[in-house]
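Novice: I'd like to ask you about the structure that follows.
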Amino acid sequence: MLYLIQRYCLFFLSFMVFAGPTHAQKAPPEKPRITRILFLLDASGSMNAPWEGRPRMEVAKSLLAKMADSLNTYPNLELGLRVYGHLHEAKENNCEDSKLEVPFGARNAAAIKAKLKALQNRGNTPITYSLQQSANDFPADRTARNVLILITDGLESCKGDPCATSLALQRKRVFLKPFVIGIGAEKEFGKQLECLGQYYNAADVKTFRSVLDNVITQTLQKTTVSVNLTDENGRPVESNVNMTFVNNVTEQPEYNYVHYRDDQGKPDVLDIDALQSYDLVINTVPPVRQQNLPIRAGKANVLTYKTPQGTLGLQSPNLTPNPYGKVQAVVRAAGNPTTVVALPFGTKQKLLAGNYEVELLTLPRITRRISIKQGQETSVTYEAPGTLNIVTDLKGYGSIYRLNDDESQTWVYNLPEASSKVNLAMQPGAYRLVFRSRTSIGSKFTDTRNFTIRSAQTTSVSIFGK
């Protein structure tokens, strides 16, 4: 398997993973990012247990030494070694028994092999403390890819919370999602370590060798992702949409791209670091979220999602000046009270194909039910308003109601208490005004007037204070 590493690392020389978006063709090439791999090795007393005729510790040291040798000549790659449980006897119950034995450096296989050869396993399993200390092992370099590989045959023995610590360090971008290799362990053992990162169960020596090789090749392989955005018939016609790759462990956005496809409908190729797991948010309106992207490390991944879009056009009536001024509309998906988008009339907006409710903030408000279809424009407008002019200047309490066809009434507007004299732009229709002046001494003095609003006309109403 090690020979595969050498093959894949040839790609690594030319195709390092970049965190930023793609650049124009004339942009200068970016400096290759450094990948730093920290081996976090369990050297507790349990590593003395026999494993197919040899102590677990001897197997782990032997394979790690060979791995360091195989990686020693590659540029832009630095290795480090932290060990825990090797400085104090188990009876001392030392929960800070952890040390960076070999700091990060290029071509430092000799130092790692020498340290591995001298190691003696003897103590506790302070995984949480070791993870915390590893934050100081990686140099302060936000451009680097920091990878941690934990090799252990036991669980935390110092009452720490390694899962919470691992997540916190990922959120701080100390390292990417860690690899955790449980050696000589039962399946149930792994369930308690899966929360730390990507867990592998190496129940036998052959599997351990294979898993270690696989983890390294995943780390060094180039991974690409292309995203097809299609219509309802699967044709790749959609594009120019922002896409956000969200780390679904830390919930932090890792990449933002505006989708591009060429004249043949092919999407461009994006460099994505496969050592993390992602949700993809396709920022259509409303957005589409695809969880747990099936990205395979070292492969040219092609992901396809249906995002058919049409256009909503909000058209104001041909009336100058418009008594409303600028009218807004609120768009919601049918049956969902959440606002999808709010827009002024006179604009257009792409929407995912589907059914919507458009609430026009006229007086009174109007709700239109519409269907957006792929590649088509759906227009929404409203009738030209008329004007209500209340000529009486009284202080009091009043409301305006819309009269419905079934003779019921719907509240529309409350008059200001300081003065009943108003000038309101309103939709055409039949209305009722109900008013009682502040000086009236009973509800029986309420004044009620019916009136009609017509497009582009002014309706004057007088009321009386009784």
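By order in the structure tokens, chains are A, B, ...; within a chain, residues start at 1; ligands start at 1, following the order shown.
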For the interface of region 252-281 of chain A with region 222-238 of chain A (cut-off 7 Å, counting only C-alpha atoms), please tabulate each contacting residue of region 252-281 of chain A alongside its nearest pair of atoms and their separation in Å to one decimal, rows sorted by chain and increasing number, as a tab-separated table.
Specialist:
```
residue	atom	partner	partner_atom	distance
A:Gly265	CA	A:Pro236	CA	5.8
A:Pro267	CA	A:Ser226	CA	5.9
A:Asp268	CA	A:Ser226	CA	6.1
A:Val269	CA	A:Ser226	CA	5.0
A:Leu270	CA	A:Val225	CA	5.2
A:Asp271	CA	A:Thr224	CA	4.7
A:Ile272	CA	A:Thr224	CA	5.6
A:Asp273	CA	A:Thr223	CA	6.5
A:Ala274	CA	A:Thr223	CA	6.3
```
Novice: Residues at most 7 Å from Thr446 (chain A), counting only C-alpha atoms, excluding those fewer than 5 positions away in the same chain, as a list in words?
Specialist: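 The residues that qualify are Val434, Phe435 and Arg436 of chain A.
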Novice: Could you pull the residues within 8 Å of Thr387 (chain A), counting only C-alpha atoms, minus those fewer than 3 positions along the same chain, as an MDAnalysis selection string?
Specialist: chainID A and resid 323 423:426 453:454 456:459
Novice: Keeping only N, CA, C and O atoms, write the selected residues to a file as a short mmCIF file (atom, residue, chain, number, x, y, z; two decimals), in the first residue's frame.
Specialist:
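Written output follows (selection_23.cif):
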```cif
data_model
loop_
_atom_site.label_atom_id
_atom_site.label_comp_id
_atom_site.auth_asym_id
_atom_site.auth_seq_id
_atom_site.Cartn_x
_atom_site.Cartn_y
_atom_site.Cartn_z
N PRO A 323 -49.72 57.31 -5.84
CA PRO A 323 -50.01 57.78 -4.48
C PRO A 323 -49.36 56.94 -3.39
O PRO A 323 -49.12 57.42 -2.29
N ASN A 423 -55.32 61.79 4.38
CA ASN A 423 -55.34 61.60 2.93
C ASN A 423 -54.64 60.28 2.66
O ASN A 423 -53.42 60.19 2.78
N LEU A 424 -55.40 59.24 2.31
CA LEU A 424 -54.86 57.89 2.22
C LEU A 424 -55.00 57.34 0.81
O LEU A 424 -56.08 57.41 0.21
N ALA A 425 -53.91 56.76 0.29
CA ALA A 425 -53.98 56.00 -0.96
C ALA A 425 -54.50 54.61 -0.62
O ALA A 425 -53.97 53.93 0.26
N MET A 426 -55.57 54.17 -1.32
CA MET A 426 -56.22 52.90 -1.01
C MET A 426 -56.58 52.16 -2.29
O MET A 426 -56.78 52.77 -3.36
N ILE A 453 -63.93 53.58 -3.00
CA ILE A 453 -62.70 54.08 -3.58
C ILE A 453 -62.61 53.60 -5.03
O ILE A 453 -62.79 52.41 -5.31
N ARG A 454 -62.31 54.52 -5.95
CA ARG A 454 -62.14 54.19 -7.35
C ARG A 454 -60.72 54.57 -7.80
O ARG A 454 -60.14 55.55 -7.30
N ALA A 456 -57.53 56.05 -9.29
CA ALA A 456 -57.11 57.37 -9.77
C ALA A 456 -58.11 58.47 -9.46
O ALA A 456 -58.08 59.53 -10.08
N GLN A 457 -59.03 58.24 -8.51
CA GLN A 457 -60.00 59.25 -8.11
C GLN A 457 -59.89 59.51 -6.61
O GLN A 457 -59.45 58.65 -5.85
N THR A 458 -60.37 60.70 -6.20
CA THR A 458 -60.37 61.04 -4.79
C THR A 458 -61.79 60.98 -4.26
O THR A 458 -62.72 61.53 -4.88
N THR A 459 -61.97 60.30 -3.13
CA THR A 459 -63.25 60.21 -2.46
C THR A 459 -63.17 61.00 -1.17
O THR A 459 -62.31 60.71 -0.31
#
```
Novice: Running DSSP on the backbone, which parts of region 213-418 of chain A land in strand (DSSP E), as an MDAnalysis selection string?
Specialist: chainID A and resid 224:230 242:247 253:258 270:271 278:282 288:290 300:306 309:314 328:333 339:344 348:352 354:360 366:372 377:380 386:390 396:403 409:414
Novice: Of the candidates A:Gln376, A:Asn242, A:Asn108, A:Gln328, which one gets nearest to Val258 (chain A) if we count only C-alpha atoms?
Specialist: A:Asn242
Novice: So which residues touch Thr381 (chain A) within 12 Å, counting only C-alpha atoms, skipping near sequence neighbours fewer than 2 positions away, as a list of chain:residue names?
Specialist: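 Once the adjacent positions are removed, what remains is A:Leu312, A:Gly313, A:Leu314, A:Gln315, A:Ser316, A:Pro317, A:Asn318, A:Val327, A:Gln328, A:Ala329, A:Pro344, A:Phe345, A:Gly346, A:Thr347, A:Val358, A:Glu359, A:Leu360, A:Leu361, A:Thr362, A:Ile366, A:Thr367, A:Arg368, A:Ile370, A:Thr378, A:Ser379, A:Glu383, A:Ala384, A:Pro385.
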Novice: If we count only C-alpha atoms and set the cut-off at 7 Å, which residues sit around Gly80 (chain A), ignoring sequence neighbours fewer than 2 positions away in its own chain? Please answer as an MDAnalysis selection string.
Specialist: chainID A and resid 37:39 78 82 102:105
Novice: At a cut-off of 12 Å, using only C-alpha atoms, what residues contact Lys61 (chain A)? Leave out same-chain residues fewer than 2 positions from it and give the result as JSON, numbers by chain.
Specialist: {"A": [39, 40, 41, 42, 43, 47, 54, 55, 56, 57, 58, 59, 63, 64, 65, 66, 67, 68, 81, 83, 112, 113, 114, 115, 116, 117, 118, 119, 120, 121, 151, 208, 209]}
Novice: Excluding Ser460 (chain A) and residues on its chain fewer than 6 positions from it, collect all residues at most 10 Å away from it, counting only C-alpha atoms, and give them as a compact mmCIF listing (two decimals) with C-alpha atoms, in the first residue's frame.
Specialist:
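Saved as selection.txt:
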```
# COMPACT_ATOMS: atom_id res chain seq x y z
CA THR A 387 -57.45 58.41 -2.55
CA LEU A 388 -59.57 58.74 0.59
CA ASN A 389 -59.80 62.32 1.83
CA ILE A 390 -61.39 62.76 5.27
CA VAL A 391 -62.10 66.46 5.43
CA THR A 392 -63.22 66.64 9.08
CA ASN A 423 -55.34 61.60 2.93
CA PHE A 451 -67.76 54.93 0.93
CA THR A 452 -66.25 53.65 -2.30
CA ILE A 453 -62.70 54.08 -3.58
```
Novice: Taking into account only C-alpha atoms, which residue in the set A:Ser157, A:Gln252, A:Val241, A:Val246 is nearest to Gln170 (chain A)?
Specialist: A:Gln252
